[in-house]
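Enquirer: File name protein_26.cif; file contents mmCIF, C-alpha atoms; full text below.
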```
data_target
#
loop_
_atom_site.label_atom_id
_atom_site.label_comp_id
_atom_site.auth_asym_id
_atom_site.auth_seq_id
_atom_site.Cartn_x
_atom_site.Cartn_y
_atom_site.Cartn_z
CA MET A 1 -8.29 23.70 -30.86
CA GLU A 2 -7.39 22.79 -27.30
CA LYS A 3 -4.02 21.55 -28.46
CA LEU A 4 -3.32 24.86 -30.20
CA VAL A 5 -4.10 26.82 -27.03
CA ILE A 6 -1.78 24.56 -25.06
CA ILE A 7 1.02 24.93 -27.62
CA PHE A 8 0.64 28.70 -27.54
CA PHE A 9 0.66 29.16 -23.77
CA SER A 10 3.35 26.62 -23.14
CA VAL A 11 5.71 28.26 -25.63
CA VAL A 12 4.98 31.75 -24.26
CA LEU A 13 5.13 31.03 -20.55
CA ILE A 14 6.49 27.60 -19.66
CA ASN A 15 8.97 26.85 -22.41
CA ASN A 16 9.79 30.47 -23.13
CA PHE A 17 12.40 30.57 -25.90
CA VAL A 18 14.76 32.89 -24.08
CA LEU A 19 14.27 31.97 -20.44
CA ALA A 20 13.85 28.20 -20.65
CA LYS A 21 15.26 27.11 -24.02
CA PHE A 22 18.20 29.54 -24.25
CA LEU A 23 17.44 30.56 -27.82
CA GLY A 24 17.89 34.06 -29.20
CA LEU A 25 20.14 35.27 -26.42
CA CYS A 26 22.33 37.54 -28.56
CA PRO A 27 19.57 40.02 -29.45
CA PHE A 28 18.01 39.54 -26.02
CA LEU A 29 21.17 40.80 -24.30
CA GLY A 30 22.32 43.15 -27.04
CA VAL A 31 19.18 45.14 -27.78
CA SER A 32 17.36 45.10 -24.43
CA LYS A 33 19.03 48.30 -23.21
CA GLU A 34 16.07 50.50 -24.11
CA PHE A 35 12.37 49.89 -24.24
CA LYS A 36 11.59 51.21 -27.72
CA ALA A 37 14.29 49.28 -29.52
CA SER A 38 13.22 46.13 -27.69
CA MET A 39 9.67 46.59 -28.92
CA SER A 40 10.80 46.94 -32.56
CA MET A 41 13.08 43.95 -32.28
CA GLY A 42 10.30 41.90 -30.67
CA VAL A 43 7.82 42.75 -33.43
CA ALA A 44 10.38 41.95 -36.14
CA VAL A 45 11.30 38.63 -34.53
CA THR A 46 7.67 37.61 -34.01
CA PHE A 47 6.88 38.31 -37.65
CA VAL A 48 9.92 36.46 -38.99
CA MET A 49 9.46 33.50 -36.62
CA THR A 50 5.83 33.04 -37.66
CA MET A 51 6.57 33.31 -41.36
CA ALA A 52 9.72 31.18 -41.13
CA SER A 53 7.71 28.43 -39.42
CA ILE A 54 5.28 28.41 -42.35
CA VAL A 55 7.89 28.63 -45.10
CA THR A 56 10.22 25.99 -43.66
CA TRP A 57 7.25 23.69 -42.99
CA PHE A 58 6.35 23.77 -46.70
CA PHE A 59 9.97 23.25 -47.72
CA TYR A 60 10.41 20.34 -45.36
CA ASN A 61 7.20 18.51 -46.20
CA PHE A 62 6.96 19.17 -49.95
CA PHE A 63 10.60 19.22 -50.89
CA LEU A 64 12.85 17.44 -48.42
CA VAL A 65 10.59 14.56 -47.38
CA PRO A 66 9.48 13.40 -50.87
CA TYR A 67 13.07 13.35 -52.12
CA LYS A 68 14.44 11.82 -48.89
CA LEU A 69 16.74 14.76 -48.29
CA GLU A 70 15.93 15.29 -44.61
CA PHE A 71 19.63 15.29 -43.72
CA LEU A 72 19.98 18.58 -45.59
CA GLN A 73 17.47 20.33 -43.34
CA THR A 74 19.99 22.59 -41.58
CA LEU A 75 21.45 23.83 -44.83
CA VAL A 76 18.11 24.31 -46.56
CA PHE A 77 16.46 26.00 -43.56
CA ILE A 78 19.18 28.57 -43.06
CA VAL A 79 19.25 29.45 -46.76
CA VAL A 80 15.46 29.71 -46.84
CA ILE A 81 15.40 31.92 -43.74
CA ALA A 82 18.18 34.17 -45.01
CA THR A 83 16.48 34.57 -48.38
CA PHE A 84 13.13 35.20 -46.73
CA VAL A 85 14.51 37.91 -44.45
CA GLN A 86 16.18 39.61 -47.41
CA PHE A 87 12.90 39.45 -49.31
CA VAL A 88 10.90 40.95 -46.44
CA GLU A 89 13.45 43.72 -46.14
CA MET A 90 13.06 44.59 -49.82
CA ILE A 91 9.26 44.63 -49.59
CA ILE A 92 9.27 46.81 -46.50
CA ALA A 93 11.76 49.22 -48.07
CA LYS A 94 9.49 49.61 -51.12
CA THR A 95 6.12 49.79 -49.39
CA SER A 96 6.57 51.30 -45.96
CA PRO A 97 9.52 53.60 -45.27
CA PRO A 98 8.41 54.40 -41.66
CA LEU A 99 8.30 50.70 -40.83
CA GLN A 100 11.71 50.27 -42.41
CA GLU A 101 13.01 53.10 -40.27
CA ALA A 102 11.71 51.39 -37.15
CA LEU A 103 12.90 47.85 -37.95
CA GLY A 104 15.90 48.96 -40.02
CA ILE A 105 19.01 47.33 -38.65
CA TYR A 106 17.12 44.63 -36.76
CA LEU A 107 15.87 42.69 -39.75
CA PRO A 108 19.24 41.51 -41.15
CA LEU A 109 20.35 40.58 -37.63
CA ILE A 110 17.41 38.21 -37.33
CA THR A 111 18.95 35.84 -39.89
CA THR A 112 21.50 34.80 -37.30
CA ASN A 113 18.99 34.73 -34.45
CA CYS A 114 18.96 31.14 -33.29
CA ALA A 115 15.33 31.40 -32.16
CA VAL A 116 14.24 31.51 -35.82
CA LEU A 117 16.21 28.48 -36.95
CA GLY A 118 15.42 26.85 -33.60
CA VAL A 119 11.66 27.12 -34.04
CA SER A 120 11.88 25.62 -37.54
CA LEU A 121 13.94 22.68 -36.26
CA LEU A 122 11.66 22.17 -33.25
CA ASN A 123 8.58 22.11 -35.49
CA VAL A 124 10.14 19.25 -37.43
CA LYS A 125 11.24 17.46 -34.28
CA GLU A 126 7.79 17.67 -32.70
CA GLY A 127 6.10 16.63 -35.96
CA TYR A 128 3.73 19.61 -35.91
CA ASN A 129 1.24 20.14 -38.76
CA LEU A 130 1.07 23.49 -40.56
CA ILE A 131 -1.30 25.21 -38.13
CA GLU A 132 0.48 23.91 -35.03
CA ALA A 133 3.82 25.01 -36.48
CA THR A 134 2.45 28.49 -37.18
CA VAL A 135 1.06 28.82 -33.66
CA ASN A 136 4.36 27.60 -32.24
CA GLY A 137 6.29 30.20 -34.25
CA PHE A 138 3.92 33.02 -33.34
CA GLY A 139 3.82 32.07 -29.66
CA GLY A 140 7.60 31.79 -29.59
CA GLY A 141 7.86 35.31 -30.96
CA ILE A 142 5.37 36.66 -28.41
CA GLY A 143 7.29 34.96 -25.61
CA PHE A 144 10.53 36.44 -26.91
CA THR A 145 8.99 39.93 -27.05
CA MET A 146 7.62 39.58 -23.55
CA ALA A 147 10.95 38.50 -22.07
CA MET A 148 12.68 41.28 -23.97
CA LEU A 149 10.29 43.99 -22.72
CA LEU A 150 10.52 42.78 -19.13
CA MET A 151 14.29 42.84 -19.40
CA ALA A 152 14.36 46.31 -20.99
CA GLY A 153 12.13 47.71 -18.25
CA ILE A 154 14.42 46.36 -15.55
CA ARG A 155 17.60 47.47 -17.29
CA GLU A 156 16.34 51.03 -17.70
CA ARG A 157 15.89 51.27 -13.95
CA LEU A 158 19.21 49.60 -13.37
CA GLU A 159 20.88 52.64 -14.89
CA LEU A 160 20.08 54.46 -11.66
CA CYS A 161 21.54 51.80 -9.40
CA GLU A 162 25.06 51.39 -8.18
CA VAL A 163 26.41 48.15 -9.57
CA PRO A 164 29.92 46.96 -8.66
CA GLU A 165 32.35 47.90 -11.43
CA CYS A 166 33.14 44.35 -12.56
CA MET A 167 29.44 43.37 -12.66
CA LYS A 168 28.36 46.20 -14.98
CA GLY A 169 26.91 45.32 -18.37
CA PHE A 170 26.64 41.65 -19.23
CA PRO A 171 27.22 40.04 -15.80
CA ILE A 172 24.37 41.87 -14.09
CA ALA A 173 22.15 41.28 -17.14
CA PHE A 174 22.74 37.54 -16.77
CA ILE A 175 21.88 37.63 -13.09
CA ILE A 176 18.63 39.49 -13.80
CA THR A 177 17.81 36.94 -16.49
CA SER A 178 18.42 34.21 -13.95
CA MET A 179 15.83 35.77 -11.63
CA LEU A 180 13.36 36.19 -14.49
CA ALA A 181 13.83 32.53 -15.39
CA PHE A 182 13.23 31.68 -11.74
CA SER A 183 9.94 33.51 -11.61
CA PHE A 184 8.83 31.89 -14.87
CA PHE A 185 9.16 28.54 -13.13
CA GLY A 186 5.97 29.55 -11.35
CA PHE A 187 4.07 28.82 -14.55
CA GLN A 188 5.16 25.20 -14.60
CA GLY A 189 2.38 22.85 -13.74
CA PHE A 190 -0.07 25.26 -15.39
CA PHE A 191 -1.23 22.49 -17.70
CA ALA A 192 -0.29 19.58 -15.48
CA LYS A 193 -2.93 16.94 -15.51
CA MET B 23 60.54 32.80 -37.78
CA ALA B 24 58.17 35.74 -37.51
CA ASP B 25 55.51 33.45 -38.90
CA LEU B 26 55.59 31.11 -35.98
CA LYS B 27 55.44 33.97 -33.49
CA ARG B 28 52.32 35.42 -35.12
CA PHE B 29 50.78 31.94 -35.38
CA LYS B 30 51.19 31.62 -31.63
CA GLU B 31 49.76 35.08 -30.99
CA GLU B 32 46.65 34.39 -33.06
CA PHE B 33 46.19 31.10 -31.25
CA VAL B 34 46.60 32.45 -27.73
CA LYS B 35 44.30 35.46 -28.11
CA GLY B 36 41.21 33.26 -28.46
CA ILE B 37 41.97 31.53 -25.17
CA GLY B 38 42.75 34.61 -23.13
CA GLY B 39 42.25 38.25 -24.10
CA GLU B 40 39.60 37.68 -26.76
CA ASN B 41 37.89 34.63 -25.30
CA PRO B 42 34.60 34.45 -27.22
CA THR B 43 32.48 33.52 -24.20
CA PHE B 44 33.93 35.54 -21.34
CA ARG B 45 35.40 38.53 -23.16
CA LEU B 46 33.47 39.07 -26.38
CA VAL B 47 30.23 37.60 -24.95
CA ILE B 48 29.08 36.18 -28.30
CA GLY B 49 27.56 32.82 -29.14
CA MET B 50 25.99 32.50 -25.72
CA CYS B 51 23.23 30.01 -26.45
CA PRO B 52 25.19 26.71 -26.36
CA PRO B 53 27.33 27.48 -23.28
CA LEU B 54 24.14 28.15 -21.33
CA ALA B 55 21.87 25.50 -22.77
CA ILE B 56 23.88 22.31 -22.77
CA SER B 57 26.31 22.94 -19.89
CA THR B 58 24.36 20.68 -17.53
CA ALA B 59 27.01 17.95 -17.63
CA VAL B 60 30.75 18.11 -18.28
CA ILE B 61 30.67 15.54 -21.05
CA ASN B 62 28.00 17.51 -22.97
CA GLY B 63 29.91 20.75 -22.58
CA PHE B 64 33.16 19.22 -23.78
CA GLY B 65 31.42 17.50 -26.72
CA MET B 66 29.78 20.75 -27.76
CA GLY B 67 33.14 22.51 -27.53
CA LEU B 68 34.79 19.94 -29.80
CA ALA B 69 31.94 20.10 -32.32
CA ALA B 70 32.10 23.89 -32.48
CA THR B 71 35.91 23.82 -32.76
CA PHE B 72 35.72 21.46 -35.72
CA VAL B 73 33.19 23.69 -37.51
CA LEU B 74 35.17 26.83 -36.68
CA LEU B 75 38.42 25.35 -37.98
CA GLY B 76 36.80 23.96 -41.13
CA SER B 77 34.96 27.16 -42.00
CA ASN B 78 38.03 29.33 -41.30
CA ILE B 79 40.15 27.15 -43.63
CA MET B 80 37.59 27.20 -46.44
CA VAL B 81 36.80 30.89 -46.15
CA SER B 82 40.49 31.77 -46.10
CA LEU B 83 41.21 29.59 -49.15
CA ILE B 84 38.53 31.22 -51.28
CA ARG B 85 38.98 34.75 -49.90
CA ASN B 86 40.58 36.13 -53.09
CA PHE B 87 37.75 35.21 -55.42
CA THR B 88 34.71 35.65 -53.19
CA PRO B 89 32.60 38.55 -54.49
CA SER B 90 32.11 40.83 -51.49
CA LYS B 91 28.39 41.32 -52.15
CA VAL B 92 27.46 37.68 -51.76
CA ARG B 93 30.11 36.78 -49.20
CA LEU B 94 27.69 36.27 -46.29
CA PRO B 95 25.49 33.68 -48.05
CA ILE B 96 28.67 31.89 -49.16
CA PHE B 97 30.00 31.83 -45.59
CA ILE B 98 26.68 30.54 -44.28
CA ILE B 99 26.62 27.72 -46.81
CA ILE B 100 30.22 26.73 -45.97
CA ILE B 101 29.41 26.77 -42.26
CA SER B 102 26.21 24.76 -42.60
CA THR B 103 28.05 22.17 -44.69
CA PHE B 104 30.49 21.59 -41.84
CA VAL B 105 27.64 21.59 -39.32
CA THR B 106 25.81 18.91 -41.31
CA ILE B 107 29.00 16.82 -41.35
CA THR B 108 29.27 17.20 -37.56
CA ASP B 109 25.59 16.40 -37.10
CA LEU B 110 25.75 13.16 -39.09
CA PHE B 111 29.11 12.17 -37.61
CA THR B 112 28.00 12.55 -33.98
CA GLU B 113 24.73 10.78 -34.74
CA ALA B 114 26.66 7.80 -36.12
CA PHE B 115 29.51 7.52 -33.60
CA THR B 116 28.26 9.09 -30.35
CA PRO B 117 24.47 8.71 -30.39
CA ASP B 118 24.10 9.52 -26.67
CA LEU B 119 25.91 12.82 -27.05
CA HIS B 120 23.92 13.61 -30.17
CA LYS B 121 20.71 13.07 -28.26
CA ALA B 122 21.85 15.18 -25.30
CA LEU B 123 22.90 18.11 -27.50
CA GLY B 124 19.67 17.90 -29.53
CA ILE B 125 18.92 20.88 -31.75
CA PHE B 126 22.02 22.68 -30.53
CA ILE B 127 24.20 20.83 -33.04
CA PRO B 128 22.32 22.18 -36.08
CA LEU B 129 22.16 25.52 -34.28
CA ILE B 130 25.96 25.84 -34.49
CA VAL B 131 25.15 27.33 -37.91
CA VAL B 132 23.80 30.49 -36.33
CA ASN B 133 26.43 30.67 -33.61
CA CYS B 134 27.77 34.21 -33.92
CA ILE B 135 31.36 33.16 -33.10
CA ILE B 136 31.78 31.23 -36.33
CA LEU B 137 30.30 33.80 -38.69
CA ALA B 138 32.13 36.56 -36.82
CA ARG B 139 35.51 34.85 -37.26
CA ALA B 140 34.82 34.16 -40.94
CA GLU B 141 33.83 37.78 -41.57
CA ALA B 142 36.31 39.56 -39.31
CA PHE B 143 39.35 37.34 -39.66
CA ALA B 144 39.46 34.45 -42.13
CA SER B 145 38.13 36.43 -45.09
CA LYS B 146 41.09 38.80 -44.84
CA GLN B 147 43.99 36.69 -43.56
CA PRO B 148 46.20 33.97 -45.06
CA LEU B 149 45.47 30.31 -44.44
CA LEU B 150 48.05 29.70 -41.70
CA TYR B 151 46.82 32.47 -39.40
CA SER B 152 43.21 31.55 -40.05
CA ILE B 153 43.97 28.03 -38.82
CA ALA B 154 45.58 29.47 -35.69
CA ASP B 155 42.64 31.79 -35.14
CA GLY B 156 40.06 29.04 -35.60
CA LEU B 157 41.91 26.66 -33.30
CA GLY B 158 42.48 29.33 -30.64
CA MET B 159 38.87 30.50 -30.62
CA GLY B 160 37.68 26.88 -30.58
CA VAL B 161 39.91 25.93 -27.67
CA GLY B 162 38.89 29.10 -25.79
CA PHE B 163 35.23 28.25 -26.33
CA THR B 164 35.76 24.63 -25.27
CA LEU B 165 37.58 25.69 -22.09
CA ALA B 166 34.85 28.18 -21.20
CA ILE B 167 31.99 25.76 -21.79
CA THR B 168 33.80 22.96 -19.89
CA LEU B 169 34.40 25.29 -16.94
CA ILE B 170 30.74 26.30 -16.78
CA SER B 171 29.51 22.72 -17.06
CA THR B 172 31.97 21.57 -14.38
CA ILE B 173 30.56 24.11 -11.94
CA ARG B 174 26.97 23.31 -12.81
CA GLU B 175 27.39 19.54 -12.73
CA MET B 176 29.25 19.60 -9.42
CA LEU B 177 26.84 21.91 -7.63
CA GLY B 178 23.65 20.74 -9.29
CA ASN B 179 24.29 17.03 -9.39
CA GLY B 180 27.20 16.52 -7.00
CA THR B 181 29.18 14.70 -9.68
CA PHE B 182 32.08 15.23 -12.07
CA LEU B 183 31.85 13.24 -15.32
CA GLY B 184 29.30 11.07 -13.52
CA HIS B 185 31.48 10.27 -10.48
CA ALA B 186 30.25 11.50 -7.10
CA VAL B 187 32.63 14.06 -5.62
CA PHE B 188 31.04 15.38 -2.45
CA GLY B 189 30.13 12.15 -0.69
CA ALA B 190 26.68 10.84 0.16
CA SER B 191 25.68 13.59 2.58
CA TYR B 192 25.73 16.27 -0.13
CA GLU B 193 22.32 17.42 -1.26
CA PRO B 194 22.57 18.68 -4.82
CA ALA B 195 21.25 22.17 -5.58
CA ILE B 196 19.01 21.12 -8.46
CA VAL B 197 18.41 24.69 -9.54
CA MET B 198 21.99 24.80 -10.85
CA ILE B 199 21.22 22.37 -13.64
CA LEU B 200 17.98 24.18 -14.49
CA ALA B 201 17.73 27.37 -16.54
CA PRO B 202 18.22 29.97 -13.75
CA GLY B 203 21.41 28.25 -12.60
CA ALA B 204 22.88 28.59 -16.08
CA PHE B 205 22.30 32.34 -16.20
CA LEU B 206 23.54 32.79 -12.64
CA THR B 207 26.77 30.84 -13.22
CA MET B 208 27.44 32.73 -16.44
CA GLY B 209 26.82 36.14 -14.85
CA LEU B 210 29.08 35.45 -11.90
CA LEU B 211 31.84 33.96 -14.09
CA ILE B 212 31.93 36.92 -16.48
CA GLY B 213 31.94 39.23 -13.47
CA LEU B 214 34.87 37.30 -12.01
CA MET B 215 36.76 37.43 -15.33
CA ASN B 216 36.21 41.20 -15.50
CA HIS B 217 37.48 41.57 -11.96
CA LEU B 218 40.61 39.50 -12.62
CA GLY B 219 41.24 41.24 -15.96
CA ARG B 220 41.06 44.66 -14.32
CA LYS B 221 43.59 43.83 -11.65
CA LYS B 222 46.35 42.99 -14.12
#
```
Show how you would write the structure in this file as structure tokens.

Expert:
Amino acid sequence: MEKLVIIFFSVVLINNFVLAKFLGLCPFLGVSKEFKASMSMGVAVTFVMTMASIVTWFFYNFFLVPYKLEFLQTLVFIVVIATFVQFVEMIIAKTSPPLQEALGIYLPLITTNCAVLGVSLLNVKEGYNLIEATVNGFGGGIGFTMAMLLMAGIRERLELCEVPECMKGFPIAFIITSMLAFSFFGFQGFFAK
Amino acid sequence: MADLKRFKEEFVKGIGGENPTFRLVIGMCPPLAISTAVINGFGMGLAATFVLLGSNIMVSLIRNFTPSKVRLPIFIIIISTFVTITDLFTEAFTPDLHKALGIFIPLIVVNCIILARAEAFASKQPLLYSIADGLGMGVGFTLAITLISTIREMLGNGTFLGHAVFGASYEPAIVMILAPGAFLTMGLLIGLMNHLGRKK
């Protein structure tokens, strides 16, 4: 139990996927212009990351390991994730139109979000069991959402500021991210023994 | 020789006007994550160039009989095949580099540059231009990532390719090789590129 808590907090705060591991930057920079869209994207990513951790864990341990096909993990994982996202999209479209409206365009984009494939690969690398992998995926998604919401809040205010012409858009977003990453350093040593 | 002229144009655009990192701002994860040392940056650039070239060639070759509805899964499978080749190859011949790049080699699969070029260019253009496009984009990416890692390694470690450049009295700014330094360098560089591009 203690280990699970540590995995969760370290992936949310200390090893945040966006700010410390540089994963999932495309949606982080692309969608974080407004608060509401960031929230939808965050929820969608958290859901897919958690589920992808579970699904790829089963595929790796019950399919790739017994047949000694570990070298195919990249290929198998990406196909599994893409299929899974497509599947979720179909279910949501059938069962919950309002949810589909909210997540709409974000779901297909998640297939090429490197945080999702990244978390599956990291689970294998760390040798996590099923529950640890799930917690890692869920925590990673929460960390992603948190970074995204912080960023969206700052960027909405930035609209009112005068930024030098050549720094508008991406450059200033990177500099803000740099400062966010700085402040997240404060959490290091949280679990230091 | 109109062919050769266009070949050159497609090649040059990836390095300058449509540089994936500084102009299009896509595929940002690797340039930020592994640009802590020049050798890692350059290695990553080469790996991505190989995958980009391979996937552009394959996608262009099969463009006339790829059903448009399932084209994306097909592209992804082609790309991940080349990524797996790169992964195994680097593991066998350059184990140190493979260890330093870690999960970012398999993550080339989801690098937006490669899928974007397959979808936007190679699936519609003949083989020759697709090769030029893949090479150009790859070289542009390699140059960008090498530039960033040069800055970060020199400021953060005081070295270039492992050789000390500033003399013994230099105290390295360690933050430059940590996460915030990556974002800061990238932000300032894109800003600089915008500034220079506007002047022309």

Enquirer: Quick one: everything within 8 Å of A:Phe8, counting all atoms listed in the file, minus sequence neighbours fewer than 6 positions away in the same chain. Send it as a VMD selection string.

Expert: chain A and resid 135 to 136 138 to 140

Enquirer: Would you put the residues from that selection into a file with C-alpha atoms, as a JSON list (two decimals), keeping the file's coordinate frame?

Expert:
```json
[["chain", "number", "residue", "atom", "x", "y", "z"],
["A", 135, "VAL", "CA", 1.06, 28.82, -33.66],
["A", 136, "ASN", "CA", 4.36, 27.60, -32.24],
["A", 138, "PHE", "CA", 3.92, 33.02, -33.34],
["A", 139, "GLY", "CA", 3.82, 32.07, -29.66],
["A", 140, "GLY", "CA", 7.60, 31.79, -29.59]]
```

Enquirer: In Å, how far is it from atom CA of A:Glu34 to atom CA of A:Pro171?

Expert: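 Value for the atom CA of A:Glu34-atom CA of A:Pro171 distance: 17.4 Å.
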
Enquirer: For the provided coordinates, the residues matched by the PyMOL selection byres ((chain A and resi 117-131) around 7) should be stated as a PyMOL selection string.

Expert: (chain A and resi 52-54+56-57+78+114-116+132-135+137) or (chain B and resi 125+129)

Enquirer: Residues within 9 Å of B:Val132, please, as a PyMOL selection string. Count only C-alpha atoms; anything in the same chain fewer than 3 positions from it doesn't count.

Expert: (chain A and resi 78+111-114+117) or (chain B and resi 49+98+101-102+128-129+135-137)

Enquirer: Would you mind listing what lies within 10 Å of B:Ser90 as a ChimeraX atom specification, with all atoms listed in the file counted and same-chain residues fewer than 5 positions away left out?

Expert: /B:85,96,145

Enquirer: What does the distance between atom CA of B:Gly65 and atom CA of B:Leu119 come to in Å, to one decimal place?

Expert: 7.2 Å
